[in-house]
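Structure file final_35.csv with CSV, N, CA and C atoms:
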```
chain,number,residue,atom,x,y,z
A,1,MET,N,74.7,52.3,69.0
A,1,MET,CA,76.2,52.5,68.8
A,1,MET,C,76.9,51.3,69.4
A,2,ALA,N,77.8,50.7,68.6
A,2,ALA,CA,78.6,49.6,69.0
A,2,ALA,C,79.6,50.0,70.0
A,3,SER,N,79.9,49.1,71.0
A,3,SER,CA,80.9,49.5,72.0
A,3,SER,C,82.1,48.6,71.9
A,4,ALA,N,82.1,47.6,71.0
A,4,ALA,CA,83.2,46.7,70.8
A,4,ALA,C,83.3,46.2,69.4
A,5,PHE,N,84.4,45.6,69.1
A,5,PHE,CA,84.6,45.0,67.8
A,5,PHE,C,85.5,43.8,67.9
A,6,LYS,N,85.7,43.0,66.9
A,6,LYS,CA,86.5,41.8,66.9
A,6,LYS,C,87.9,42.1,66.2
A,7,LEU,N,88.9,41.5,66.8
A,7,LEU,CA,90.2,41.5,66.2
A,7,LEU,C,90.6,40.1,65.8
A,8,ASN,N,91.1,40.0,64.5
A,8,ASN,CA,91.6,38.7,64.0
A,8,ASN,C,93.0,39.0,63.6
A,9,LEU,N,94.0,38.2,64.0
A,9,LEU,CA,95.4,38.4,63.6
A,9,LEU,C,95.9,37.1,63.1
A,10,PHE,N,96.3,37.1,61.8
A,10,PHE,CA,96.8,35.9,61.1
A,10,PHE,C,98.2,36.1,60.6
A,11,THR,N,98.9,35.0,60.5
A,11,THR,CA,100.3,35.0,59.9
A,11,THR,C,100.2,33.8,58.9
A,12,PRO,N,101.3,33.7,58.0
A,12,PRO,CA,101.3,32.5,57.2
A,12,PRO,C,101.4,31.2,58.0
A,13,LYS,N,101.9,31.2,59.2
A,13,LYS,CA,102.0,30.0,60.0
A,13,LYS,C,100.7,29.7,60.8
A,14,GLY,N,99.7,30.6,60.8
A,14,GLY,CA,98.4,30.3,61.4
A,14,GLY,C,97.8,31.4,62.1
A,15,VAL,N,96.8,31.1,62.9
A,15,VAL,CA,96.0,32.1,63.7
A,15,VAL,C,96.8,32.5,65.0
A,16,VAL,N,97.0,33.8,65.2
A,16,VAL,CA,97.6,34.2,66.4
A,16,VAL,C,96.4,34.5,67.4
A,17,ILE,N,95.4,35.2,67.0
A,17,ILE,CA,94.2,35.5,67.8
A,17,ILE,C,93.0,35.6,66.9
A,18,LYS,N,91.9,35.1,67.3
A,18,LYS,CA,90.7,35.2,66.5
A,18,LYS,C,89.5,35.6,67.4
A,19,ASP,N,88.7,36.6,66.9
A,19,ASP,CA,87.5,37.1,67.5
A,19,ASP,C,87.8,37.6,68.9
A,20,LEU,N,88.9,38.3,69.1
A,20,LEU,CA,89.2,39.0,70.4
A,20,LEU,C,88.4,40.2,70.5
A,21,GLU,N,87.5,40.3,71.5
A,21,GLU,CA,86.7,41.5,71.7
A,21,GLU,C,87.5,42.7,72.2
A,22,CYS,N,87.5,43.8,71.4
A,22,CYS,CA,88.3,44.9,71.7
A,22,CYS,C,87.4,46.2,71.8
A,23,ASN,N,87.9,47.2,72.6
A,23,ASN,CA,87.3,48.5,72.6
A,23,ASN,C,88.1,49.5,71.9
A,24,ASP,N,89.4,49.2,71.7
A,24,ASP,CA,90.4,50.1,71.2
A,24,ASP,C,91.6,49.4,70.8
A,25,ILE,N,92.1,49.7,69.6
A,25,ILE,CA,93.4,49.0,69.1
A,25,ILE,C,94.3,50.1,68.6
A,26,THR,N,95.6,50.0,68.9
A,26,THR,CA,96.6,50.9,68.3
A,26,THR,C,97.5,50.0,67.4
A,27,ILE,N,97.6,50.4,66.2
A,27,ILE,CA,98.2,49.6,65.1
A,27,ILE,C,99.4,50.4,64.5
A,28,PRO,N,100.6,49.8,64.4
A,28,PRO,CA,101.7,50.4,63.7
A,28,PRO,C,101.5,50.3,62.1
A,29,THR,N,101.5,51.4,61.4
A,29,THR,CA,101.4,51.4,60.0
A,29,THR,C,102.6,52.1,59.4
A,30,VAL,N,102.7,52.0,58.1
A,30,VAL,CA,103.8,52.7,57.4
A,30,VAL,C,103.7,54.2,57.5
A,31,ARG,N,102.5,54.7,57.8
A,31,ARG,CA,102.3,56.1,57.9
A,31,ARG,C,102.2,56.6,59.3
A,32,GLY,N,102.5,55.7,60.3
A,32,GLY,CA,102.4,56.1,61.7
A,32,GLY,C,101.4,55.2,62.4
A,33,GLU,N,101.3,55.4,63.7
A,33,GLU,CA,100.3,54.6,64.4
A,33,GLU,C,98.9,55.1,64.2
A,34,ILE,N,98.0,54.1,64.1
A,34,ILE,CA,96.6,54.5,64.0
A,34,ILE,C,95.8,53.9,65.2
A,35,ASN,N,94.8,54.6,65.6
A,35,ASN,CA,93.9,54.1,66.7
A,35,ASN,C,92.6,53.7,66.1
A,36,ILE,N,92.2,52.5,66.4
A,36,ILE,CA,90.9,52.0,65.9
A,36,ILE,C,89.9,52.0,67.1
A,37,LEU,N,88.7,52.6,66.9
A,37,LEU,CA,87.7,52.6,67.9
A,37,LEU,C,86.4,52.0,67.3
A,38,PRO,N,85.4,51.7,68.1
A,38,PRO,CA,84.2,51.1,67.5
A,38,PRO,C,83.6,52.1,66.5
A,39,GLU,N,83.0,51.5,65.4
A,39,GLU,CA,82.4,52.2,64.3
A,39,GLU,C,83.4,53.0,63.5
A,40,HIS,N,84.7,52.6,63.5
A,40,HIS,CA,85.7,53.2,62.7
A,40,HIS,C,85.4,53.1,61.2
A,41,THR,N,85.8,54.1,60.4
A,41,THR,CA,85.5,54.0,59.0
A,41,THR,C,86.3,52.8,58.4
A,42,HIS,N,85.8,52.3,57.3
A,42,HIS,CA,86.5,51.2,56.7
A,42,HIS,C,87.8,51.6,56.0
A,43,ILE,N,88.9,50.8,56.3
A,43,ILE,CA,90.2,51.2,55.7
A,43,ILE,C,90.9,49.9,55.4
A,44,LEU,N,91.9,50.1,54.5
A,44,LEU,CA,92.9,49.0,54.2
A,44,LEU,C,94.2,49.8,54.2
A,45,THR,N,95.1,49.3,55.1
A,45,THR,CA,96.4,50.0,55.2
A,45,THR,C,97.6,49.0,55.4
A,46,GLU,N,98.8,49.5,55.1
A,46,GLU,CA,99.9,48.6,55.2
A,46,GLU,C,100.5,48.7,56.6
A,47,LEU,N,100.9,47.6,57.2
A,47,LEU,CA,101.5,47.5,58.5
A,47,LEU,C,103.0,47.9,58.4
A,48,SER,N,103.4,48.3,59.6
A,48,SER,CA,104.9,48.5,59.8
A,48,SER,C,105.2,47.6,60.9
A,49,THR,N,106.5,47.4,61.1
A,49,THR,CA,107.0,46.5,62.2
A,49,THR,C,106.8,47.3,63.5
A,50,GLY,N,106.1,46.7,64.5
A,50,GLY,CA,105.9,47.4,65.8
A,50,GLY,C,105.0,46.5,66.7
A,51,ILE,N,104.5,47.2,67.7
A,51,ILE,CA,103.6,46.6,68.7
A,51,ILE,C,102.2,47.0,68.5
A,52,LEU,N,101.3,46.0,68.3
A,52,LEU,CA,99.9,46.2,68.2
A,52,LEU,C,99.3,46.1,69.7
A,53,THR,N,98.6,47.1,70.1
A,53,THR,CA,98.0,47.0,71.5
A,53,THR,C,96.5,47.0,71.3
A,54,ALA,N,95.9,45.9,71.9
A,54,ALA,CA,94.4,45.8,71.9
A,54,ALA,C,93.9,45.9,73.3
A,55,LYS,N,93.0,46.9,73.5
A,55,LYS,CA,92.4,47.1,74.8
A,55,LYS,C,91.1,46.3,74.8
A,56,THR,N,91.0,45.3,75.7
A,56,THR,CA,89.8,44.5,75.8
A,56,THR,C,89.1,44.7,77.2
A,57,PRO,N,87.9,44.1,77.4
A,57,PRO,CA,87.3,44.2,78.7
A,57,PRO,C,88.1,43.6,79.8
A,58,MET,N,89.0,42.7,79.5
A,58,MET,CA,89.9,42.0,80.4
A,58,MET,C,91.2,42.7,80.6
A,59,GLY,N,91.5,43.8,79.9
A,59,GLY,CA,92.8,44.5,80.0
A,59,GLY,C,93.5,44.5,78.6
A,60,ALA,N,94.6,45.1,78.6
A,60,ALA,CA,95.4,45.3,77.4
A,60,ALA,C,96.1,44.0,77.0
A,61,ARG,N,96.1,43.7,75.7
A,61,ARG,CA,96.9,42.6,75.1
A,61,ARG,C,97.8,43.2,74.1
A,62,HIS,N,99.1,42.7,74.0
A,62,HIS,CA,100.1,43.2,73.1
A,62,HIS,C,100.6,42.1,72.2
A,63,PHE,N,100.8,42.5,70.9
A,63,PHE,CA,101.3,41.6,69.9
A,63,PHE,C,102.4,42.3,69.1
A,64,SER,N,103.4,41.5,68.6
A,64,SER,CA,104.3,42.1,67.6
A,64,SER,C,103.7,41.8,66.3
A,65,VAL,N,104.0,42.7,65.3
A,65,VAL,CA,103.6,42.5,63.9
A,65,VAL,C,104.7,43.0,63.1
A,66,THR,N,105.0,42.3,62.0
A,66,THR,CA,106.0,42.7,61.0
A,66,THR,C,105.4,42.6,59.6
A,67,ALA,N,105.3,43.8,59.0
A,67,ALA,CA,104.9,43.9,57.6
A,67,ALA,C,103.6,43.1,57.4
A,68,GLY,N,102.7,43.7,56.6
A,68,GLY,CA,101.5,43.0,56.2
A,68,GLY,C,100.4,44.1,56.0
A,69,LEU,N,99.2,43.6,56.2
A,69,LEU,CA,98.0,44.5,55.9
A,69,LEU,C,97.0,44.5,57.1
A,70,CYS,N,96.3,45.6,57.2
A,70,CYS,CA,95.3,45.8,58.2
A,70,CYS,C,94.0,46.2,57.5
A,71,ARG,N,92.9,45.5,57.8
A,71,ARG,CA,91.6,45.8,57.2
A,71,ARG,C,90.6,46.1,58.3
A,72,VAL,N,90.0,47.2,58.2
A,72,VAL,CA,88.8,47.5,59.1
A,72,VAL,C,87.6,47.5,58.3
A,73,LEU,N,86.7,46.6,58.6
A,73,LEU,CA,85.4,46.4,57.8
A,73,LEU,C,84.3,46.1,58.8
A,74,GLN,N,83.4,47.0,58.9
A,74,GLN,CA,82.2,46.8,59.8
A,74,GLN,C,82.7,46.7,61.2
A,75,ASP,N,82.4,45.6,61.9
A,75,ASP,CA,82.8,45.4,63.3
A,75,ASP,C,84.0,44.5,63.5
A,76,THR,N,84.9,44.4,62.4
A,76,THR,CA,86.0,43.5,62.5
A,76,THR,C,87.3,44.1,62.0
A,77,VAL,N,88.3,43.9,62.7
A,77,VAL,CA,89.7,44.4,62.3
A,77,VAL,C,90.5,43.1,62.0
A,78,THR,N,90.9,43.0,60.8
A,78,THR,CA,91.7,41.8,60.4
A,78,THR,C,93.1,42.2,60.1
A,79,ILE,N,94.1,41.6,60.7
A,79,ILE,CA,95.5,41.9,60.5
A,79,ILE,C,96.1,40.6,59.8
A,80,LEU,N,96.8,40.9,58.7
A,80,LEU,CA,97.5,39.8,58.0
A,80,LEU,C,99.0,40.3,58.1
A,81,SER,N,99.8,39.6,59.0
A,81,SER,CA,101.1,40.0,59.3
A,81,SER,C,102.1,38.9,58.9
A,82,PHE,N,103.2,39.3,58.4
A,82,PHE,CA,104.3,38.3,58.0
A,82,PHE,C,104.7,37.4,59.2
A,83,THR,N,104.9,38.1,60.3
A,83,THR,CA,105.1,37.4,61.6
A,83,THR,C,104.4,38.1,62.7
A,84,SER,N,104.1,37.4,63.7
A,84,SER,CA,103.4,38.0,64.9
A,84,SER,C,103.6,37.1,66.1
A,85,GLU,N,103.8,37.7,67.3
A,85,GLU,CA,103.9,37.0,68.5
A,85,GLU,C,103.1,37.7,69.6
A,86,ARG,N,102.5,36.9,70.5
A,86,ARG,CA,101.9,37.4,71.7
A,86,ARG,C,102.9,37.7,72.7
A,87,ALA,N,102.7,38.8,73.5
A,87,ALA,CA,103.7,39.2,74.5
A,87,ALA,C,104.0,38.0,75.5
A,88,GLU,N,103.0,37.3,75.8
A,88,GLU,CA,103.2,36.2,76.8
A,88,GLU,C,104.0,35.0,76.2
A,89,ASP,N,104.2,35.0,74.9
A,89,ASP,CA,104.9,33.9,74.2
A,89,ASP,C,106.4,34.2,74.0
A,90,ILE,N,106.8,35.4,74.4
A,90,ILE,CA,108.2,35.8,74.2
A,90,ILE,C,109.2,35.1,75.1
A,91,ASP,N,110.2,34.5,74.6
A,91,ASP,CA,111.3,33.9,75.3
A,91,ASP,C,112.4,35.0,75.5
A,92,LEU,N,112.5,35.6,76.6
A,92,LEU,CA,113.4,36.7,76.8
A,92,LEU,C,114.8,36.4,76.6
A,93,GLU,N,115.3,35.3,77.0
A,93,GLU,CA,116.7,34.9,76.8
A,93,GLU,C,117.0,34.7,75.3
A,94,ARG,N,116.0,34.1,74.6
A,94,ARG,CA,116.2,33.8,73.2
A,94,ARG,C,116.3,35.2,72.4
A,95,ALA,N,115.4,36.1,72.8
A,95,ALA,CA,115.4,37.4,72.2
A,95,ALA,C,116.7,38.2,72.5
A,96,LYS,N,117.2,38.1,73.7
A,96,LYS,CA,118.5,38.7,74.0
A,96,LYS,C,119.7,38.1,73.2
A,97,SER,N,119.6,36.8,73.0
A,97,SER,CA,120.6,36.1,72.2
A,97,SER,C,120.6,36.5,70.8
A,98,ALA,N,119.4,36.6,70.2
A,98,ALA,CA,119.2,36.9,68.8
A,98,ALA,C,119.7,38.4,68.6
A,99,LYS,N,119.4,39.2,69.5
A,99,LYS,CA,119.9,40.6,69.4
A,99,LYS,C,121.4,40.7,69.4
A,100,ALA,N,122.0,40.0,70.3
A,100,ALA,CA,123.5,39.9,70.4
A,100,ALA,C,124.1,39.4,69.1
A,101,LYS,N,123.5,38.3,68.6
A,101,LYS,CA,124.0,37.7,67.3
A,101,LYS,C,123.9,38.6,66.1
A,102,ALA,N,122.7,39.3,66.0
A,102,ALA,CA,122.5,40.2,64.9
A,102,ALA,C,123.5,41.4,65.0
A,103,HIS,N,123.6,41.9,66.2
A,103,HIS,CA,124.4,43.1,66.5
A,103,HIS,C,125.9,42.7,66.2
A,104,ASP,N,126.3,41.5,66.5
A,104,ASP,CA,127.7,41.0,66.3
A,104,ASP,C,127.9,41.0,64.8
A,105,ARG,N,127.0,40.4,64.0
A,105,ARG,CA,127.1,40.3,62.6
A,105,ARG,C,127.2,41.7,61.9
A,106,LEU,N,126.5,42.6,62.5
A,106,LEU,CA,126.4,44.0,61.9
A,106,LEU,C,127.6,44.9,62.3
A,107,SER,N,128.4,44.4,63.3
A,107,SER,CA,129.5,45.2,63.9
A,107,SER,C,130.6,45.5,62.9
A,108,GLY,N,130.6,44.9,61.8
A,108,GLY,CA,131.7,45.2,60.8
A,108,GLY,C,132.9,44.4,60.9
A,109,LYS,N,132.9,43.3,61.7
A,109,LYS,CA,134.1,42.5,61.9
A,109,LYS,C,134.3,41.6,60.6
A,110,GLU,N,133.2,41.4,59.9
A,110,GLU,CA,133.3,40.6,58.7
A,110,GLU,C,132.5,41.3,57.6
A,111,SER,N,132.8,41.1,56.4
A,111,SER,CA,132.2,41.7,55.3
A,111,SER,C,130.8,41.0,55.0
A,112,LEU,N,129.8,41.8,54.8
A,112,LEU,CA,128.4,41.3,54.5
A,112,LEU,C,128.0,41.8,53.1
A,113,THR,N,127.3,40.9,52.4
A,113,THR,CA,126.7,41.3,51.2
A,113,THR,C,125.5,42.3,51.5
A,114,ASP,N,125.0,42.9,50.5
A,114,ASP,CA,123.8,43.8,50.7
A,114,ASP,C,122.6,43.0,51.2
A,115,VAL,N,122.4,41.8,50.7
A,115,VAL,CA,121.3,41.0,51.1
A,115,VAL,C,121.5,40.6,52.6
A,116,ASP,N,122.7,40.2,53.0
A,116,ASP,CA,123.0,39.9,54.4
A,116,ASP,C,122.8,41.1,55.3
A,117,LEU,N,123.2,42.2,54.8
A,117,LEU,CA,123.1,43.4,55.6
A,117,LEU,C,121.6,43.7,56.0
A,118,ILE,N,120.8,43.6,54.9
A,118,ILE,CA,119.3,43.8,55.1
A,118,ILE,C,118.8,42.7,56.1
A,119,LYS,N,119.2,41.5,55.8
A,119,LYS,CA,118.7,40.3,56.7
A,119,LYS,C,119.0,40.5,58.1
A,120,PHE,N,120.3,40.9,58.4
A,120,PHE,CA,120.7,41.1,59.9
A,120,PHE,C,120.1,42.3,60.5
A,121,ARG,N,119.9,43.4,59.7
A,121,ARG,CA,119.2,44.6,60.2
A,121,ARG,C,117.7,44.2,60.6
A,122,ARG,N,117.1,43.4,59.8
A,122,ARG,CA,115.7,43.0,60.1
A,122,ARG,C,115.7,42.1,61.4
A,123,LYS,N,116.7,41.2,61.5
A,123,LYS,CA,116.8,40.3,62.6
A,123,LYS,C,117.0,41.1,63.9
A,124,LEU,N,117.9,42.2,63.8
A,124,LEU,CA,118.1,43.0,65.0
A,124,LEU,C,116.8,43.8,65.3
A,125,GLU,N,116.1,44.3,64.3
A,125,GLU,CA,114.8,45.0,64.6
A,125,GLU,C,113.8,44.1,65.2
A,126,ARG,N,113.7,42.9,64.8
A,126,ARG,CA,112.7,41.9,65.4
A,126,ARG,C,113.1,41.6,66.8
A,127,ALA,N,114.4,41.4,67.0
A,127,ALA,CA,114.9,41.0,68.4
A,127,ALA,C,114.6,42.2,69.4
A,128,GLU,N,114.9,43.4,68.9
A,128,GLU,CA,114.6,44.6,69.8
A,128,GLU,C,113.1,44.7,70.0
A,129,LEU,N,112.3,44.4,69.0
A,129,LEU,CA,110.8,44.5,69.2
A,129,LEU,C,110.4,43.4,70.2
A,130,ARG,N,110.9,42.2,70.1
A,130,ARG,CA,110.6,41.2,71.1
A,130,ARG,C,110.9,41.6,72.5
A,131,LEU,N,112.1,42.2,72.7
A,131,LEU,CA,112.5,42.7,74.0
A,131,LEU,C,111.5,43.8,74.5
A,132,ARG,N,111.1,44.7,73.7
A,132,ARG,CA,110.1,45.7,74.1
A,132,ARG,C,108.8,45.1,74.4
A,133,LEU,N,108.4,44.1,73.6
A,133,LEU,CA,107.1,43.4,73.9
A,133,LEU,C,107.2,42.6,75.2
A,134,ALA,N,108.3,42.0,75.4
A,134,ALA,CA,108.4,41.2,76.7
A,134,ALA,C,108.3,42.0,77.9
A,135,ASN,N,108.7,43.3,77.8
A,135,ASN,CA,108.5,44.2,79.0
A,135,ASN,C,107.1,44.7,79.2
A,136,LEU,N,106.2,44.4,78.3
A,136,LEU,CA,104.8,44.7,78.4
A,136,LEU,C,103.9,43.6,78.9
A,137,LYS,N,104.5,42.4,79.2
A,137,LYS,CA,103.7,41.3,79.7
A,137,LYS,C,102.9,41.6,80.9
```
Would you give me this structure, written as structure tokens?
Amino acid sequence: MASAFKLNLFTPKGVVIKDLECNDITIPTVRGEINILPEHTHILTELSTGILTAKTPMGARHFSVTAGLCRVLQDTVTILSFTSERAEDIDLERAKSAKAKAHDRLSGKESLTDVDLIKFRRKLERAELRLRLANLK
């Protein structure tokens, strides 16, 4: 019986983490959070925006993920995410500034197109996610 498996997390900009040995991973999906343990059944599922938590022999690691796919195959979990950041890479001041800017644009002081409304809602969601992730460092 396997006691660990590998996590690979990729974005269009590159590799976030490769071959991270994990005992347990919690992944946000469009149908809710799923928990991956050793010898998990093979799946392919769509990611949701949220925090991915990987429990390793060295402790928990946290990553943000936004939209993408998760594949569990044999002893490897592969995440393809539109964007992703490690908790230790979060710039707290930048995240606070981004949240304030997005919130200001959404406050209704100026008219927004539907496209801009969606864009700034996503920016606000990502900024809030970064702030939550920064608190998990």
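When atom CA of A:Thr26 is paired with atom CA of A:Phe63, their separation reads 10.5 Å.
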- request: Write out as a list in words the residues lying within 6 Å of A:Ile25, counting only N, CA and C atoms and excluding same-chain residues fewer than 2 positions away.
  value: Asn23, Ile27, Ile34, Asn35, Ile36, Leu37, Thr53, Ala54 and Lys55 of chain A
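Interatomic distance, atom N of A:Glu93 against atom C of A:Val65: 19.1 Å.
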task: Determine which residues of stretch 23-111 of chain A DSSP labels as helix (DSSP H, G or I) from the backbone of this structure, then write them out as a list in words.
output: Ala87, Glu88, Asp89, Leu92, Glu93, Arg94, Ala95, Lys96, Ser97, Ala98, Lys99, Ala100, Lys101, Ala102, His103, Asp104, Arg105 and Leu106 of chain A
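Here atom CA of A:Asp24 stands at a distance of 28.1 Å from atom CA of A:Ala95.
Using all atoms listed in the file, the smallest distance between any of A:Glu128, A:Asp75, A:Asp116, A:Glu85 and A:Glu39 comes from A:Asp75.
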- prompt: Skipping near chain neighbours, those fewer than 4 positions away, what residues fall within 10 Å of A:Ser84 using only C-alpha atoms, listed as a list in words?
  reply: Leu9, Phe10, Thr11, Pro12, Lys13, Gly14, Val15, Val16, Ile17, Thr49, Gly50, Ile51, Leu52, Phe63, Ser64, Val65, Thr66, Ala67, Ile79 and Leu80 of chain A
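Remark: for A:His40, the closest of the candidate residues A:Ile118, A:Ala100, A:Val72, A:Ala134 is A:Val72 (distances computed over only N, CA and C atoms).
Here the question is which of A:Thr56, A:Ser48, A:Thr83, A:Ser97 gets nearest to A:Cys70 using only N, CA and C atoms, and that residue is A:Ser48.
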